[in-house]
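Structure data (mmCIF, C-alpha atoms; chains and numbers go by the auth columns) from target.cif:
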data_final
loop_
_atom_site.group_PDB
_atom_site.id
_atom_site.type_symbol
_atom_site.label_atom_id
_atom_site.label_comp_id
_atom_site.label_asym_id
_atom_site.label_seq_id
_atom_site.Cartn_x
_atom_site.Cartn_y
_atom_site.Cartn_z
_atom_site.B_iso_or_equiv
_atom_site.auth_seq_id
_atom_site.auth_asym_id
ATOM 1 C CA MET A 1 0.178 -13.125 -11.661 0.00 218 B
ATOM 2 C CA THR A 2 2.367 -10.077 -12.118 0.00 219 B
ATOM 3 C CA VAL A 3 1.253 -6.776 -10.631 0.00 220 B
ATOM 4 C CA ARG A 4 1.234 -4.127 -13.351 0.00 221 B
ATOM 5 C CA VAL A 5 1.776 -0.410 -13.040 0.00 222 B
ATOM 6 C CA GLU A 6 -1.806 -0.103 -14.315 0.00 223 B
ATOM 7 C CA ASP A 7 -2.932 -1.803 -11.097 0.00 224 B
ATOM 8 C CA LEU A 8 -1.310 1.000 -9.139 0.00 225 B
ATOM 9 C CA ASP A 9 -3.040 3.538 -11.381 0.00 226 B
ATOM 10 C CA GLU A 10 -6.382 1.829 -10.760 0.00 227 B
ATOM 11 C CA ALA A 11 -5.795 1.856 -7.002 0.00 228 B
ATOM 12 C CA LEU A 12 -5.024 5.573 -7.186 0.00 229 B
ATOM 13 C CA ALA A 13 -8.192 6.232 -9.184 0.00 230 B
ATOM 14 C CA CYS A 14 -10.286 4.196 -6.740 0.00 231 B
ATOM 15 C CA VAL A 15 -8.978 6.062 -3.696 0.00 232 B
ATOM 16 C CA ALA A 16 -9.349 9.456 -5.378 0.00 233 B
ATOM 17 C CA ALA A 17 -12.927 8.721 -6.450 0.00 234 B
ATOM 18 C CA VAL A 18 -14.006 7.781 -2.922 0.00 235 B
ATOM 19 C CA LEU A 19 -12.046 10.325 -0.868 0.00 236 B
ATOM 20 C CA GLU A 20 -12.264 13.482 -2.980 0.00 237 B
ATOM 21 C CA PRO A 21 -15.989 13.950 -2.167 0.00 238 B
ATOM 22 C CA LEU A 22 -15.157 13.526 1.548 0.00 239 B
ATOM 23 C CA THR A 23 -12.641 16.353 1.891 0.00 240 B
ATOM 24 C CA ASP A 24 -15.274 18.569 3.541 0.00 241 B
ATOM 25 C CA GLY A 25 -15.533 16.049 6.385 0.00 242 B
ATOM 26 C CA ASP A 26 -13.778 15.973 9.749 0.00 243 B
ATOM 27 C CA TRP A 27 -10.380 14.392 9.073 0.00 244 B
ATOM 28 C CA THR A 28 -9.509 14.509 12.778 0.00 245 B
ATOM 29 C CA ARG A 29 -11.795 11.496 13.224 0.00 246 B
ATOM 30 C CA PRO A 30 -10.184 8.069 13.720 0.00 247 B
ATOM 31 C CA ALA A 31 -9.334 6.284 10.465 0.00 248 B
ATOM 32 C CA GLY A 32 -11.364 3.084 10.626 0.00 249 B
ATOM 33 C CA GLU A 33 -10.022 0.848 13.389 0.00 250 B
ATOM 34 C CA LEU A 34 -6.584 2.487 13.438 0.00 251 B
ATOM 35 C CA ASP A 35 -5.240 4.471 16.366 0.00 252 B
ATOM 36 C CA TRP A 36 -4.454 7.251 13.858 0.00 253 B
ATOM 37 C CA ASP A 37 -6.820 9.944 12.680 0.00 254 B
ATOM 38 C CA CYS A 38 -7.605 10.457 8.993 0.00 255 B
ATOM 39 C CA ARG A 39 -5.147 13.376 8.726 0.00 256 B
ATOM 40 C CA TYR A 40 -2.192 11.390 10.017 0.00 257 B
ATOM 41 C CA THR A 41 -3.167 8.351 7.951 0.00 258 B
ATOM 42 C CA ALA A 42 -3.143 10.432 4.747 0.00 259 B
ATOM 43 C CA GLU A 43 0.233 11.907 5.671 0.00 260 B
ATOM 44 C CA HIS A 44 1.630 8.449 6.427 0.00 261 B
ATOM 45 C CA LEU A 45 0.300 7.204 3.097 0.00 262 B
ATOM 46 C CA GLY A 46 1.989 9.993 1.143 0.00 263 B
ATOM 47 C CA ASP A 47 5.294 9.497 2.967 0.00 264 B
ATOM 48 C CA THR A 48 5.230 5.724 2.411 0.00 265 B
ATOM 49 C CA LEU A 49 4.469 6.007 -1.305 0.00 266 B
ATOM 50 C CA LEU A 50 7.186 8.616 -1.787 0.00 267 B
ATOM 51 C CA SER A 51 9.585 6.342 0.076 0.00 268 B
ATOM 52 C CA TYR A 52 8.737 3.451 -2.252 0.00 269 B
ATOM 53 C CA ALA A 53 9.294 5.709 -5.268 0.00 270 B
ATOM 54 C CA ALA A 54 12.700 6.667 -3.865 0.00 271 B
ATOM 55 C CA GLN A 55 13.607 3.004 -3.426 0.00 272 B
ATOM 56 C CA VAL A 56 12.673 2.212 -7.037 0.00 273 B
ATOM 57 C CA VAL A 57 14.659 5.171 -8.391 0.00 274 B
ATOM 58 C CA SER A 58 17.763 4.956 -6.174 0.00 275 B
ATOM 59 C CA ARG A 59 17.844 1.164 -5.638 0.00 276 B
ATOM 60 C CA PRO A 60 19.762 1.022 -2.324 0.00 277 B
ATOM 61 C CA ALA A 61 20.718 -2.547 -1.433 0.00 278 B
ATOM 62 C CA ASP A 62 20.494 -2.494 2.351 0.00 279 B
ATOM 63 C CA ARG A 63 18.497 0.494 3.605 0.00 280 B
ATOM 64 C CA TYR A 64 15.748 2.975 2.913 0.00 281 B
ATOM 65 C CA VAL A 65 16.593 6.310 1.291 0.00 282 B
ATOM 66 C CA ARG A 66 16.881 8.528 4.366 0.00 283 B
ATOM 67 C CA PHE A 67 14.092 11.093 4.402 0.00 284 B
ATOM 68 C CA LEU A 68 10.720 11.780 5.967 0.00 285 B
ATOM 69 C CA ALA A 69 8.006 13.548 3.974 0.00 286 B
ATOM 70 C CA LYS A 70 5.436 15.563 5.898 0.00 287 B
ATOM 71 C CA THR A 71 2.617 17.931 5.057 0.00 288 B
ATOM 72 C CA ASP A 72 2.276 21.443 6.412 0.00 289 B
ATOM 73 C CA ALA A 73 0.525 21.505 9.775 0.00 290 B
ATOM 74 C CA ASP A 74 -2.316 23.619 8.353 0.00 291 B
ATOM 75 C CA ALA A 75 -2.849 21.470 5.229 0.00 292 B
ATOM 76 C CA SER A 76 -6.524 21.026 4.444 0.00 293 B
ATOM 77 C CA PRO A 77 -8.040 17.562 3.909 0.00 294 B
ATOM 78 C CA ALA A 78 -7.988 18.207 0.158 0.00 295 B
ATOM 79 C CA GLU A 79 -4.293 19.064 0.377 0.00 296 B
ATOM 80 C CA LEU A 80 -3.577 15.994 2.501 0.00 297 B
ATOM 81 C CA LEU A 81 -5.266 13.828 -0.105 0.00 298 B
ATOM 82 C CA GLU A 82 -3.333 15.600 -2.862 0.00 299 B
ATOM 83 C CA PHE A 83 -0.094 14.771 -1.002 0.00 300 B
ATOM 84 C CA ALA A 84 -1.015 11.086 -0.680 0.00 301 B
ATOM 85 C CA LEU A 85 -2.042 10.776 -4.333 0.00 302 B
ATOM 86 C CA THR A 86 1.095 12.616 -5.437 0.00 303 B
ATOM 87 C CA GLY A 87 3.191 9.986 -3.684 0.00 304 B
ATOM 88 C CA GLY A 88 1.303 7.289 -5.553 0.00 305 B
ATOM 89 C CA ARG A 89 1.671 9.024 -8.900 0.00 306 B
ATOM 90 C CA LEU A 90 5.423 9.450 -8.385 0.00 307 B
ATOM 91 C CA LEU A 91 5.676 5.754 -7.502 0.00 308 B
ATOM 92 C CA SER A 92 3.781 4.926 -10.685 0.00 309 B
ATOM 93 C CA ALA A 93 6.178 7.062 -12.743 0.00 310 B
ATOM 94 C CA ALA A 94 9.185 5.444 -11.064 0.00 311 B
ATOM 95 C CA VAL A 95 7.909 1.928 -11.769 0.00 312 B
ATOM 96 C CA ARG A 96 7.237 2.811 -15.413 0.00 313 B
ATOM 97 C CA ALA A 97 10.791 4.114 -15.814 0.00 314 B
ATOM 98 C CA SER A 98 12.428 1.020 -14.280 0.00 315 B
ATOM 99 C CA ARG A 99 13.529 -2.323 -15.665 0.00 316 B
ATOM 100 C CA PRO A 100 11.825 -5.461 -14.275 0.00 317 B
ATOM 101 C CA GLU A 101 15.124 -7.007 -13.164 0.00 318 B
ATOM 102 C CA GLU A 102 16.083 -4.083 -10.898 0.00 319 B
ATOM 103 C CA ARG A 103 15.975 -4.632 -7.132 0.00 320 B
ATOM 104 C CA ALA A 104 15.920 -2.355 -4.083 0.00 321 B
ATOM 105 C CA TYR A 105 15.834 -2.798 -0.327 0.00 322 B
ATOM 106 C CA HIS A 106 12.672 -3.595 1.571 0.00 323 B
ATOM 107 C CA PRO A 107 12.623 -5.239 5.035 0.00 324 B
ATOM 108 C CA THR A 108 10.573 -8.153 3.654 0.00 325 B
ATOM 109 C CA GLY A 109 13.056 -8.883 0.872 0.00 326 B
ATOM 110 C CA ARG A 110 14.791 -7.014 -1.932 0.00 327 B
ATOM 111 C CA SER A 111 11.963 -6.101 -4.242 0.00 328 B
ATOM 112 C CA ASP A 112 11.496 -5.475 -7.933 0.00 329 B
ATOM 113 C CA PRO A 113 9.469 -2.570 -9.378 0.00 330 B
ATOM 114 C CA ALA A 114 6.370 -4.787 -9.636 0.00 331 B
ATOM 115 C CA GLY A 115 6.729 -5.617 -5.938 0.00 332 B
ATOM 116 C CA PHE A 116 6.870 -1.942 -4.999 0.00 333 B
ATOM 117 C CA ALA A 117 3.826 -1.334 -7.195 0.00 334 B
ATOM 118 C CA ALA A 118 2.033 -4.118 -5.297 0.00 335 B
ATOM 119 C CA MET A 119 3.071 -2.647 -1.938 0.00 336 B
ATOM 120 C CA GLY A 120 1.833 0.734 -3.128 0.00 337 B
ATOM 121 C CA CYS A 121 -1.519 -0.816 -3.990 0.00 338 B
ATOM 122 C CA VAL A 122 -1.800 -2.306 -0.494 0.00 339 B
ATOM 123 C CA GLU A 123 -0.974 1.005 1.162 0.00 340 B
ATOM 124 C CA LEU A 124 -3.373 2.941 -1.054 0.00 341 B
ATOM 125 C CA LEU A 125 -6.289 0.550 -0.812 0.00 342 B
ATOM 126 C CA LEU A 126 -6.056 -0.304 2.878 0.00 343 B
ATOM 127 C CA HIS A 127 -5.256 3.174 4.177 0.00 344 B
ATOM 128 C CA GLY A 128 -7.635 4.733 1.667 0.00 345 B
ATOM 129 C CA ASP A 129 -10.310 2.436 3.062 0.00 346 B
ATOM 130 C CA ASP A 130 -9.290 3.290 6.635 0.00 347 B
ATOM 131 C CA ILE A 131 -9.808 6.990 5.891 0.00 348 B
ATOM 132 C CA ALA A 132 -13.051 6.320 4.046 0.00 349 B
ATOM 133 C CA ARG A 133 -14.447 4.233 6.911 0.00 350 B
ATOM 134 C CA GLY A 134 -13.516 6.968 9.351 0.00 351 B
ATOM 135 C CA LEU A 135 -15.624 9.338 7.268 0.00 352 B
ATOM 136 C CA GLY A 136 -18.601 7.008 6.838 0.00 353 B
ATOM 137 C CA ALA A 137 -17.764 5.454 3.452 0.00 354 B
ATOM 138 C CA ALA A 138 -15.790 2.478 2.131 0.00 355 B
ATOM 139 C CA LEU A 139 -13.704 1.508 -0.871 0.00 356 B
ATOM 140 C CA ASP A 140 -14.851 -0.962 -3.511 0.00 357 B
ATOM 141 C CA PRO A 141 -11.619 -1.602 -5.427 0.00 358 B
ATOM 142 C CA PRO A 142 -11.185 -3.588 -8.648 0.00 359 B
ATOM 143 C CA ARG A 143 -11.038 -7.248 -7.703 0.00 360 B
ATOM 144 C CA ASP A 144 -8.563 -8.211 -10.428 0.00 361 B
ATOM 145 C CA THR A 145 -6.070 -5.712 -9.024 0.00 362 B
ATOM 146 C CA CYS A 146 -6.599 -7.090 -5.523 0.00 363 B
ATOM 147 C CA ALA A 147 -6.128 -10.660 -6.788 0.00 364 B
ATOM 148 C CA ARG A 148 -2.812 -9.812 -8.456 0.00 365 B
ATOM 149 C CA VAL A 149 -1.585 -8.019 -5.333 0.00 366 B
ATOM 150 C CA VAL A 150 -2.486 -10.950 -3.064 0.00 367 B
ATOM 151 C CA ALA A 151 -0.807 -13.426 -5.425 0.00 368 B
ATOM 152 C CA ARG A 152 2.368 -11.292 -5.544 0.00 369 B
ATOM 153 C CA LEU A 153 2.746 -10.366 -1.874 0.00 370 B
ATOM 154 C CA PHE A 154 0.990 -13.248 -0.094 0.00 371 B
ATOM 155 C CA PRO A 155 1.727 -16.232 -2.374 0.00 372 B
ATOM 156 C CA GLU A 156 1.340 -18.775 0.426 0.00 373 B
ATOM 157 C CA GLN A 157 -2.318 -17.964 1.049 0.00 374 B
ATOM 158 C CA GLU A 158 -5.079 -20.273 -0.095 0.00 375 B
ATOM 159 C CA PRO A 159 -7.582 -18.597 -2.436 0.00 376 B
ATOM 160 C CA ILE A 160 -10.453 -16.574 -0.965 0.00 377 B
ATOM 161 C CA PRO A 161 -13.362 -15.920 -3.362 0.00 378 B
ATOM 162 C CA ASP A 162 -13.581 -12.132 -2.898 0.00 379 B
ATOM 163 C CA ALA A 163 -10.116 -10.749 -3.663 0.00 380 B
ATOM 164 C CA TRP A 164 -10.730 -7.496 -1.750 0.00 381 B
ATOM 165 C CA GLU A 165 -11.726 -9.423 1.353 0.00 382 B
ATOM 166 C CA ALA A 166 -8.692 -11.650 0.742 0.00 383 B
ATOM 167 C CA LEU A 167 -6.399 -8.620 0.722 0.00 384 B
ATOM 168 C CA ARG A 168 -8.030 -7.182 3.841 0.00 385 B
ATOM 169 C CA TRP A 169 -7.687 -10.544 5.600 0.00 386 B
ATOM 170 C CA CYS A 170 -4.051 -11.029 4.554 0.00 387 B
ATOM 171 C CA ALA A 171 -3.235 -7.593 5.991 0.00 388 B
ATOM 172 C CA GLY A 172 -4.985 -8.201 9.310 0.00 389 B
ATOM 173 C CA ARG A 173 -7.981 -5.947 8.663 0.00 390 B
ATOM 174 C CA THR A 174 -10.758 -8.510 9.072 0.00 391 B
ATOM 175 C CA ASP A 175 -11.609 -12.041 10.043 0.00 392 B
ATOM 176 C CA LEU A 176 -13.390 -14.450 7.720 0.00 393 B
ATOM 177 C CA PRO A 177 -15.402 -17.629 8.353 0.00 394 B
ATOM 178 C CA GLY A 178 -12.921 -20.234 9.561 0.00 395 B
ATOM 179 C CA ARG A 179 -10.069 -17.706 9.359 0.00 396 B
ATOM 180 C CA PRO A 180 -9.379 -15.594 12.448 0.00 397 B
ATOM 181 C CA ARG A 181 -7.910 -12.140 12.011 0.00 398 B
ATOM 182 C CA ARG A 182 -4.187 -12.266 11.327 0.00 399 B
ATOM 183 C CA THR A 183 -1.728 -10.625 13.698 0.00 400 B
ATOM 184 C CA GLY A 184 1.976 -10.226 13.158 0.00 401 B
ATOM 185 C CA TRP A 185 1.557 -10.631 9.395 0.00 402 B
ATOM 186 C CA LYS A 186 3.971 -9.502 6.697 0.00 403 B
ATOM 187 C CA TRP A 187 4.076 -9.711 2.946 0.00 404 B
ATOM 188 C CA ARG A 188 6.793 -11.088 0.686 0.00 405 B
ATOM 189 C CA GLY A 189 8.818 -8.266 -0.818 0.00 406 B
ATOM 190 C CA SER A 190 11.141 -10.333 -2.962 0.00 407 B
ATOM 191 C CA PRO A 191 9.890 -11.916 -6.190 0.00 408 B
ATOM 192 C CA LEU A 192 9.142 -15.636 -6.083 0.00 409 B
ATOM 193 C CA GLU A 193 12.174 -16.394 -8.232 0.00 410 B
ATOM 194 C CA ASP A 194 14.471 -14.629 -5.733 0.00 411 B
ATOM 195 C CA ARG A 195 15.540 -15.673 -2.276 0.00 412 B
ATOM 196 C CA SER A 196 12.963 -16.211 0.449 0.00 413 B
ATOM 197 C CA ILE A 197 11.797 -13.712 3.031 0.00 414 B
ATOM 198 C CA PRO A 198 14.477 -12.886 5.617 0.00 415 B
ATOM 199 C CA GLU A 199 14.071 -14.651 8.941 0.00 416 B
ATOM 200 C CA GLU A 200 12.876 -12.469 11.801 0.00 417 B
#
Please re-express this file's structure in structure tokens.
Amino acid sequence: MTVRVEDLDEALACVAAVLEPLTDGDWTRPAGELDWDCRYTAEHLGDTLLSYAAQVVSRPADRYVRFLAKTDADASPAELLEFALTGGRLLSAAVRASRPEERAYHPTGRSDPAGFAAMGCVELLLHGDDIARGLGAALDPPRDTCARVVARLFPEQEPIPDAWEALRWCAGRTDLPGRPRRTGWKWRGSPLEDRSIPEE
């Protein structure tokens, strides 16, 4: 199942719909079970998505494009969310403008544009949910998007009926009956037809 750029767009829409009404809340609260607060989590999300967009556009073979994106110290929660969503929208534009056969560096394997779109979905949905949980809400993302992301990034996993719970479990966010919470997990950056994940 190939992750589509539309999946990234749907993840963006899901996160925006849940978090925009929460921008009057206290974003200094912890983001879900993370050690980070909601402010830092949003900033991390924007930086990560911008970094993925840079990888897709510049296509370095053996490193990340060297930059760090940060928000102003006095950015409001609405501005922090705008920053995070902007990173996602730029990643979406970069994926749309790229050819499927292009590859760029990621520590889990040289990835194609669809792989970076899938990674963007994970970052958006999981960190969006972390922020939402810190503010007393939760995400309810489209299950077909979650299923495509799990199939692309975690192809070794046996099916789990609820694709959102499957994604959360694969990324160490929850335990499930008969499946303890994962630690030390990583996804597969390279497409299935390419070489395997680098050894640690």
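Separating atom CA of B:Phe284 from atom CA of B:Ala233 is a distance of 25.5 Å.
Reported to one decimal place, the separation of atom CA of B:Asp347 from atom CA of B:Glu250 is 7.2 Å.
Among B:Leu409, B:Leu285, B:Ile348, B:Ala354, the residue with the shortest atom-to-atom distance to B:Ala368, counting all atoms listed in the file, is B:Leu409.
For the set B:Lys287, B:Arg360, B:Arg306, B:Arg276, the residue with the smallest atom-to-atom gap to B:Tyr322 is B:Arg276, counting all atoms listed in the file.
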On this structure, which residues satisfy the PyMOL selection byres ((chain B and resi 384) around 8), written as a compact mmCIF listing (two decimals) with C-alpha atoms, in the frame of the given file?
# COMPACT_ATOMS: atom_id res chain seq x y z
CA VAL B 339 -1.80 -2.31 -0.49
CA CYS B 363 -6.60 -7.09 -5.52
CA ALA B 364 -6.13 -10.66 -6.79
CA VAL B 366 -1.58 -8.02 -5.33
CA VAL B 367 -2.49 -10.95 -3.06
CA ALA B 380 -10.12 -10.75 -3.66
CA TRP B 381 -10.73 -7.50 -1.75
CA GLU B 382 -11.73 -9.42 1.35
CA ALA B 383 -8.69 -11.65 0.74
CA ARG B 385 -8.03 -7.18 3.84
CA TRP B 386 -7.69 -10.54 5.60
CA CYS B 387 -4.05 -11.03 4.55
CA ALA B 388 -3.24 -7.59 5.99
